[in-house]
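Note sheet for the following structure.
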Amino acid sequence: MKDLSIDFCGVKFMNPFMLSSSPVSNCAEMIARAFDAGWGGVAYKTLATQVTKIIHPSPRLNKYNNQACRMIGLQNVEQVSDRPLEHNLKDIKWLKKHYPKHIVVASIMGFSNKEWEILGKAAEDAGADMLELNFSCPHMAIEGSGSKVGQAFDLLEMFTETVKKAVTIPVMAKMTPNITDMNEPAMYAKKGGADAISAINTISAITEIGLDDLVPKPNVFGKGAASGYSGPCVKPVALRFMADMAQNPDLGLPISGIGGIETWVDVLEFLLLGASTIQVTTGIIHYGYRIVEDMMEGLSDYMEEKGFNSVSEIVGKALPNVHHTDEFDLSRQGVVEYDLDRCIGCGQCYIICQDGGGQALSWDAENRRPVMDEDRCLSCMACSFICPVEDMIHYKEMPKGWVRHDPEPMED
Amino acid sequence: MEQLAERAPLFSDEMEKGLTLTLAMEEAARCLLCFDAPCSQACPAGTDPGRFIRKLRFRNVTGAIRTIKENNPFGWTCGAVCPTAKLCELACSRTAIDKPIQIGKVQRFIVEHGWLMGFSPIKKPDKTGKGKVAVIGSGPAGLTCARELTLQGYEVTVFEKKGQAGGNLRYGIPPFRLSEEGLSREIDEIVSLGVTIKTNTPIEGKEGLKKLKDEGYQAVFVSTGLWDPIRLGIDGSDLTGVMSATEFLGSMRSGKASEMESLIQNKVVAVIGGGSVAMDAAQWAKKIGAKDVYVLYRRSYTEMPAEEKEKIQALNDGIHFLILTQPVKYVGNGALQGIVCRRTRLGDPDDSGRRRPEEIPDSDFELPFDVAIEALATRPEPALKEMAELSWDKNTISASDTSLQTSTPWVFAGGDIVRGPALVVEAVADGKKAAQAIVEHLEGKGE
Ligand SMILES: Cc1cc2nc3c(=O)[nH]c(=O)nc-3n(C[C@H](O)[C@H](O)[C@H](O)COP(=O)(O)OP(=O)(O)OC[C@H]3O[C@@H](n4cnc5c(N)ncnc54)[C@H](O)[C@@H]3O)c2cc1C
Ligand SMILES: Cc1cc2nc3c(=O)[nH]c(=O)nc-3n(C[C@H](O)[C@H](O)[C@H](O)COP(=O)(O)O)c2cc1C
Ligand code: SF4
Ligand code: SF4
Ligand code: SF4
């Protein structure tokens, strides 16, 4: 196994894998089991003062299935920690005592300047290695909290500054994706003194509506709501925010990547786009802490194969290849090429090329094979995505000067 | 190397093609990723399917290969020949929903995918020279034990009586079920870690073990399997065309293959027995051009010990089953011309729980045959039974269940020679167990 350790804000992580703040990091007993399984750190379930009593709605979660694929997304209406603050602090202390080499990041959320300060100090006193400021829960039932703060940039800057003044440990600000440009709040966090950014928290969404009672799920006694959505389906959105922030020269802060991570390949993609630690919730809610085993082994084998000696060498490696679409070379064009020897004659390519592509295919009914008119192919690649025969349809660049034939207008 | 890229199949010989990446991923997607996976508990060799399937599911392909190869040096072979319906797949939780995960096939796929990627998870040991151990017999039990000890730093020599390594994997199971190329690859992996195999070197007779001791071997693992075929012993057994399955299958893998082929082509063949070996012999005879192949079995279809799958396969290949049929005499003039058989019926169950065949008086009938292959049980060769250091339970060596140690403390034994006719995966399990016990014996508590 390769050395997977990485420095993040001056804190040494034994590996970049963290539990994100959520039910998977709710108490020390759970986190200890996660550490034993291989996780290098935790963002502890968000702490709040007990000025306002936290009660979670019931039921708390709903799944998003797509055909036979289960739980490609998860919607939750969970609030910040409902455990007494002293219990959580005691647990953090216990963890640092029994797992001194593992990193405990205390996630906190205040509802006033004073609360942010109290929580930050209390967490530092309990032994937390870092803080994560939760500016990003999209469904907190308390006014002036969660992503509302994340969207009110001056508040975000002020609270960050308050906490920074109160503590000596590094502070990371957790961003909501429910905005257009994450660089804006991230820059405010930086101005407030944040040492790092974590992203993304959940996306505000509605996953499903009961077809008989017409109530969105989770159905909390007759009421539904838009609330936090997470899991594999949000990963592409999260990756885009990674690249946006990592490519912003003014920001220049380390990033903890979150959103839909399940496998070492997901981890690698976050690292390549600039994250230097990663965090997971939904993957664990789906499969358990054990998924870290494959993250460690898969990443280590990849590093071995590619000759990387440390995780930090991977961080941001794909960023030079991420451009704006207006930088593309449009003079180069291509089509798809079929290796019809292996075609099984299902005809799906024909259907989708007719109805969603360039009508480049016609159908040889006798032989049950698609027939390609290259000049009409859009190189959309859609047929290659649905063809059941793996790797049968390939991209082929056409010579310079080749022009695609557009459809002719209809004549009476 | 793109780990998850589809690759062309590996083997050019006649073994049935394995799963493709897409199909293996689909099987992995069907897996329930069970807690305390029942499939893993059911694998005698601890190959841990629950874990390698999960690794595949989470795109950790190299890890999946590593899990199989660390746990089972014959992971590919087992994937191809294990009777999974009685082992891991019998235990699979998914069965309660529809049908089990095709664990054997996924296992075979993962190992082949590793070969195609050029990924070898098992590395040579850092430290060597811990001591000398001898292994007698290069079947799955012996080679597994040899690899495990080599990885622990021992210098291991495997002595093999036959011309090539592999035991029943080479000279028993036909290549249409287990590709020669694949088998050689799996054995080469073991050799490349530093195991020495000396072929054409039997260790037998009274002095056999003592000589090894004198040559400085500190411990010995006896894994010779059972190579003396038990014969019917009926009249006419010396006619040309009458042979044992051991002889038939062995000849097909040696210089005598073409001789065997011309003996069988366009001829009518009887295979006597109802086990897996009988099915293999019958199918191979059919494949090399026998006109008709009959399986003669003295009980009924359900008592035949062969796997359901094998029996169906044989029937579909056009092999005729003559059940409730007991051969009583070979007839011919120098060469076999026919077999006199007697009708049987089923009586009360015997020790094996299967109903006993009872011969029906005055029911003899004669059928014309050119070749008869007796596929009954096998037992240890006489030269092995002479070994002074071993004690025997009838046809098997007695050894401790937990350590496979024999009555002579520096001699251990496993595989078919201890279990009686058993399975490849059980031989692998024994090889692992014996290696562990030998290490404990040699390094252990100042014994
Ligand atoms: C035709 C056939 C089909 C089978 N099909 C299957 C199947 O589909 N699935 C399955 O799980 N199992 C199957 N089996 C059973 C399986 O092959 C055996 O259980 C397994 O090979 C036993 O392994 P082993 O290492 O104990 O012995 P073997 O494989 O028998 O190997 C023993 C080796 O020791 C050598 N040897 C013997 N005496 C000496 C000596 N004195 N000195 C040196 N070397 C010696 C032999 O030449 C041989 O190479 C089949 C067996 C046969 C015969
Ligand atoms: C049930 C649930 C509760 C969560 N609670 C918190 C929380 O208390 N604090 C927080 O910062 N994020 C919380 N999150 C968001 C996660 O930490 C994470 O940012 C998000 O789920 C995206 O990652 P994932 O796709 O790996 O789940 C919660 C998520 C879920 C599913
Ligand atoms: S997973 Fe556990 S806590 Fe959640 S609903 Fe089921 S039984 Fe209750
Ligand atoms: S989708 Fe693929 S397999 Fe189906 S007809 Fe088209 S090319 Fe052939
Ligand atoms: S028992 Fe079956 S479903 Fe469960 S882990 Fe094993 S293969 Fe998967």
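FYI, nothing fancy with the structure tokens labels: chains A, B, ... in order, residues from 1 per chain, ligands from 1 as they appear.
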Using only C-alpha atoms, find which residues of chain B lie within 10 Å of chain A and jot them down as a VMD selection string. chain B and resid 1 3 5 to 7 20 to 22 29 33 to 34 51 54 to 64 66 119 121
Test item: residues no farther than 6 Å from ligand 2, counting only C-alpha atoms and all ligand atoms, as an MDAnalysis selection string: chainID A and resid 20:23 45:46 76 78 80 134 200:202 230:231 258:261 280:283
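Every residue having at least one atom no farther than 6 Å from ligand 4 is included below, with only C-alpha atoms and all ligand atoms taken into account: Cys343, Ile344, Gly345, Cys346, Gly347, Gln348, Cys349, Arg369, Pro370, Cys387, Pro388 and Val389 of chain A.
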Ligand 1: which residues are within 7 Å, counting only C-alpha atoms and all ligand atoms? Reply as a ChimeraX atom specification. /B:78,81-83,136-142,159-162,165-169,172-174,201-204,223-227,276-277,280,384,414-417,421-425,427
Throw together the list of residues within 12 Å of ligand 3, counting only C-alpha atoms and all ligand atoms, and drop it here as a ChimeraX atom specification. /A:23-24,58-62,285-288
Would you mind exporting the chosen residues as a PDB file, in the first residue's frame, restricted to N, CA, C and O atoms?
```pdb
ATOM      1  N   PRO A  23     -25.396  12.026   9.492  1.00  0.00           N
ATOM      2  CA  PRO A  23     -25.608  10.897  10.415  1.00  0.00           C
ATOM      3  C   PRO A  23     -24.426   9.923  10.460  1.00  0.00           C
ATOM      4  O   PRO A  23     -24.265   9.219  11.451  1.00  0.00           O
ATOM      5  N   VAL A  24     -23.618   9.864   9.430  1.00  0.00           N
ATOM      6  CA  VAL A  24     -22.508   8.901   9.443  1.00  0.00           C
ATOM      7  C   VAL A  24     -21.411   9.318  10.419  1.00  0.00           C
ATOM      8  O   VAL A  24     -20.505   8.555  10.724  1.00  0.00           O
ATOM      9  N   SER A  58     -39.748  13.635  10.842  1.00  0.00           N
ATOM     10  CA  SER A  58     -39.837  12.184  10.696  1.00  0.00           C
ATOM     11  C   SER A  58     -40.902  11.860   9.661  1.00  0.00           C
ATOM     12  O   SER A  58     -42.015  12.390   9.758  1.00  0.00           O
ATOM     13  N   PRO A  59     -40.652  11.030   8.649  1.00  0.00           N
ATOM     14  CA  PRO A  59     -39.354  10.422   8.328  1.00  0.00           C
ATOM     15  C   PRO A  59     -38.368  11.439   7.738  1.00  0.00           C
ATOM     16  O   PRO A  59     -38.767  12.501   7.299  1.00  0.00           O
ATOM     17  N   ARG A  60     -37.102  11.018   7.717  1.00  0.00           N
ATOM     18  CA  ARG A  60     -36.034  11.962   7.422  1.00  0.00           C
ATOM     19  C   ARG A  60     -35.501  11.947   5.997  1.00  0.00           C
ATOM     20  O   ARG A  60     -34.940  12.921   5.541  1.00  0.00           O
ATOM     21  N   LEU A  61     -35.579  10.784   5.347  1.00  0.00           N
ATOM     22  CA  LEU A  61     -34.903  10.641   4.052  1.00  0.00           C
ATOM     23  C   LEU A  61     -35.869  10.156   2.983  1.00  0.00           C
ATOM     24  O   LEU A  61     -36.901   9.561   3.290  1.00  0.00           O
ATOM     25  N   ASN A  62     -35.526  10.394   1.749  1.00  0.00           N
ATOM     26  CA  ASN A  62     -36.184   9.695   0.634  1.00  0.00           C
ATOM     27  C   ASN A  62     -35.146   9.351  -0.415  1.00  0.00           C
ATOM     28  O   ASN A  62     -34.148  10.048  -0.576  1.00  0.00           O
ATOM     29  N   ILE A 285     -24.165   5.858   3.655  1.00  0.00           N
ATOM     30  CA  ILE A 285     -25.557   5.499   3.973  1.00  0.00           C
ATOM     31  C   ILE A 285     -26.003   4.341   3.078  1.00  0.00           C
ATOM     32  O   ILE A 285     -26.792   3.495   3.457  1.00  0.00           O
ATOM     33  N   HIS A 286     -25.453   4.251   1.881  1.00  0.00           N
ATOM     34  CA  HIS A 286     -25.829   3.168   0.959  1.00  0.00           C
ATOM     35  C   HIS A 286     -25.100   1.857   1.274  1.00  0.00           C
ATOM     36  O   HIS A 286     -25.689   0.785   1.238  1.00  0.00           O
ATOM     37  N   TYR A 287     -23.803   1.942   1.546  1.00  0.00           N
ATOM     38  CA  TYR A 287     -22.997   0.710   1.609  1.00  0.00           C
ATOM     39  C   TYR A 287     -22.256   0.488   2.918  1.00  0.00           C
ATOM     40  O   TYR A 287     -21.694  -0.587   3.136  1.00  0.00           O
ATOM     41  N   GLY A 288     -22.168   1.509   3.747  1.00  0.00           N
ATOM     42  CA  GLY A 288     -21.434   1.342   5.001  1.00  0.00           C
ATOM     43  C   GLY A 288     -20.005   1.839   4.913  1.00  0.00           C
ATOM     44  O   GLY A 288     -19.493   2.151   3.838  1.00  0.00           O
TER      45      GLY A 288
END
```
List as an MDAnalysis selection string the protein and nucleic acid residues lying within 9 Å of ligand 5, with only C-alpha atoms and all ligand atoms counted. chainID B and resid 27:28 30:41 48:51 53:54 88:95 100:103
Would you list, as a VMD selection string, the residues of stretch 6-215 of chain B that end up in helix (DSSP H, G or I) under DSSP run on this structure's backbone? chain B and resid 21 to 30 38 to 42 49 to 57 61 to 71 75 to 81 84 to 86 88 to 91 93 to 96 103 to 117 140 to 151 168 to 171 180 to 192 208 to 214
Would you return as a PyMOL selection string the members of stretch 203-351 of chain B that DSSP assigns to strand (DSSP E) on this structure's backbone? chain B and resi 219-222+228-229+242-244+268-272+292-296+320-322+325-333+335-349
Put those residues in a file: C-alpha atoms, as an mmCIF file, in the first residue's frame.
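The file below, part.cif, is the result:
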```cif
data_model
loop_
_atom_site.group_PDB
_atom_site.id
_atom_site.type_symbol
_atom_site.label_atom_id
_atom_site.label_comp_id
_atom_site.auth_asym_id
_atom_site.auth_seq_id
_atom_site.Cartn_x
_atom_site.Cartn_y
_atom_site.Cartn_z
ATOM 1 C CA ALA B 219 9.169 -31.086 6.709
ATOM 2 C CA VAL B 220 7.256 -32.887 3.974
ATOM 3 C CA PHE B 221 3.751 -32.387 2.595
ATOM 4 C CA VAL B 222 2.339 -35.506 0.970
ATOM 5 C CA ASP B 228 -4.494 -46.350 -8.755
ATOM 6 C CA PRO B 229 -7.801 -47.016 -10.502
ATOM 7 C CA VAL B 242 -10.816 -52.276 -21.954
ATOM 8 C CA MET B 243 -9.168 -49.612 -19.808
ATOM 9 C CA SER B 244 -9.570 -47.330 -16.825
ATOM 10 C CA VAL B 268 -19.000 -47.738 -29.819
ATOM 11 C CA VAL B 269 -17.776 -46.849 -26.351
ATOM 12 C CA ALA B 270 -19.047 -47.834 -22.928
ATOM 13 C CA VAL B 271 -18.127 -45.688 -19.961
ATOM 14 C CA ILE B 272 -18.801 -47.479 -16.712
ATOM 15 C CA ASP B 292 -21.853 -43.782 -29.885
ATOM 16 C CA VAL B 293 -21.057 -43.402 -26.217
ATOM 17 C CA TYR B 294 -23.042 -45.182 -23.511
ATOM 18 C CA VAL B 295 -22.759 -44.530 -19.809
ATOM 19 C CA LEU B 296 -23.435 -47.757 -17.928
ATOM 20 C CA HIS B 320 -26.843 -42.436 -23.908
ATOM 21 C CA PHE B 321 -27.431 -43.292 -20.276
ATOM 22 C CA LEU B 322 -28.022 -46.958 -19.535
ATOM 23 C CA THR B 325 -27.226 -51.747 -15.626
ATOM 24 C CA GLN B 326 -24.408 -53.800 -14.110
ATOM 25 C CA PRO B 327 -21.630 -55.068 -16.434
ATOM 26 C CA VAL B 328 -20.780 -58.659 -15.529
ATOM 27 C CA LYS B 329 -18.471 -59.854 -18.320
ATOM 28 C CA TYR B 330 -16.425 -58.499 -21.213
ATOM 29 C CA VAL B 331 -16.554 -60.682 -24.298
ATOM 30 C CA GLY B 332 -14.339 -60.680 -27.348
ATOM 31 C CA ASN B 333 -11.544 -62.377 -29.140
ATOM 32 C CA ALA B 335 -10.248 -57.269 -28.707
ATOM 33 C CA LEU B 336 -13.437 -56.292 -26.934
ATOM 34 C CA GLN B 337 -16.640 -57.055 -28.821
ATOM 35 C CA GLY B 338 -19.347 -56.731 -26.253
ATOM 36 C CA ILE B 339 -20.368 -56.492 -22.627
ATOM 37 C CA VAL B 340 -22.722 -58.818 -20.847
ATOM 38 C CA CYS B 341 -24.838 -56.707 -18.504
ATOM 39 C CA ARG B 342 -27.348 -57.526 -15.815
ATOM 40 C CA ARG B 343 -30.468 -55.531 -14.964
ATOM 41 C CA THR B 344 -30.610 -54.097 -11.473
ATOM 42 C CA ARG B 345 -33.325 -52.529 -9.342
ATOM 43 C CA LEU B 346 -33.015 -50.274 -6.341
ATOM 44 C CA GLY B 347 -33.138 -51.759 -2.862
ATOM 45 C CA ASP B 348 -32.690 -50.109 0.544
ATOM 46 C CA PRO B 349 -30.288 -47.207 1.044
#
```
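Going from atom CA of A:Met187 over to atom CA of A:Leu131, you cover 17.9 Å.
For the set B:Val135, B:Leu324, B:Leu149, B:Leu232, the residue with the smallest atom-to-atom gap to B:Leu212 is B:Val135, counting only C-alpha atoms.
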Nearby residues (only C-alpha atoms) at most 10 Å from stretch 387-395 of chain B, same-chain spacing under 6 positions excluded, as a VMD selection string: chain B and resid 203 to 210 222 226 378 to 381 406 to 413 417 to 420
Excluding A:Ala126 and residues on its chain fewer than 6 positions from it, collect all residues at most 9 Å away from it, counting only C-alpha atoms, and give them as a PyMOL selection string. chain A and resi 89-94+96
Exercise: stretch 399-410 of chain A partners within 10 Å, only C-alpha atoms, chain neighbours under 4 positions left out, as an MDAnalysis selection string: chainID A and resid 331:335 358:360 373:378
Can you pull out every residue within 7 Å of B:Arg253, counting only C-alpha atoms, but drop anything in the same chain fewer than 4 positions away, and send it as a PyMOL selection string? chain B and resi 171+249+257
Close residues, A:Val292 itself excluded, 8 Å, only C-alpha atoms, min 6 positions apart in chain, as a ChimeraX atom specification: /A:17,37-39
Now that the selection is made, can you save its residues with all heavy atoms as an mmCIF file, in the first residue's frame?
```
data_model
loop_
_atom_site.group_PDB
_atom_site.id
_atom_site.type_symbol
_atom_site.label_atom_id
_atom_site.label_comp_id
_atom_site.auth_asym_id
_atom_site.auth_seq_id
_atom_site.Cartn_x
_atom_site.Cartn_y
_atom_site.Cartn_z
ATOM 1 N N PHE A 17 -9.354 10.507 3.051
ATOM 2 C CA PHE A 17 -10.749 10.068 3.136
ATOM 3 C C PHE A 17 -11.396 10.464 4.454
ATOM 4 O O PHE A 17 -10.974 10.025 5.525
ATOM 5 C CB PHE A 17 -10.838 8.552 2.956
ATOM 6 C CG PHE A 17 -10.039 8.049 1.779
ATOM 7 C CD1 PHE A 17 -9.045 7.100 1.949
ATOM 8 C CD2 PHE A 17 -10.264 8.558 0.509
ATOM 9 C CE1 PHE A 17 -8.299 6.643 0.868
ATOM 10 C CE2 PHE A 17 -9.525 8.112 -0.578
ATOM 11 C CZ PHE A 17 -8.539 7.153 -0.398
ATOM 12 N N ALA A 37 -12.130 1.101 10.191
ATOM 13 C CA ALA A 37 -12.292 0.607 8.819
ATOM 14 C C ALA A 37 -11.294 1.245 7.857
ATOM 15 O O ALA A 37 -11.071 0.721 6.767
ATOM 16 C CB ALA A 37 -13.721 0.861 8.336
ATOM 17 N N GLY A 38 -10.714 2.386 8.239
ATOM 18 C CA GLY A 38 -9.694 2.986 7.373
ATOM 19 C C GLY A 38 -9.841 4.473 7.098
ATOM 20 O O GLY A 38 -8.949 5.083 6.512
ATOM 21 N N TRP A 39 -10.961 5.070 7.482
ATOM 22 C CA TRP A 39 -11.140 6.505 7.231
ATOM 23 C C TRP A 39 -10.090 7.294 8.013
ATOM 24 O O TRP A 39 -9.828 7.014 9.175
ATOM 25 C CB TRP A 39 -12.556 6.957 7.619
ATOM 26 C CG TRP A 39 -13.612 6.284 6.784
ATOM 27 C CD1 TRP A 39 -14.215 5.081 7.039
ATOM 28 C CD2 TRP A 39 -14.144 6.738 5.531
ATOM 29 N NE1 TRP A 39 -15.098 4.764 6.020
ATOM 30 C CE2 TRP A 39 -15.077 5.763 5.092
ATOM 31 C CE3 TRP A 39 -13.936 7.875 4.739
ATOM 32 C CZ2 TRP A 39 -15.790 5.890 3.898
ATOM 33 C CZ3 TRP A 39 -14.657 8.006 3.552
ATOM 34 C CH2 TRP A 39 -15.564 7.021 3.137
#
```
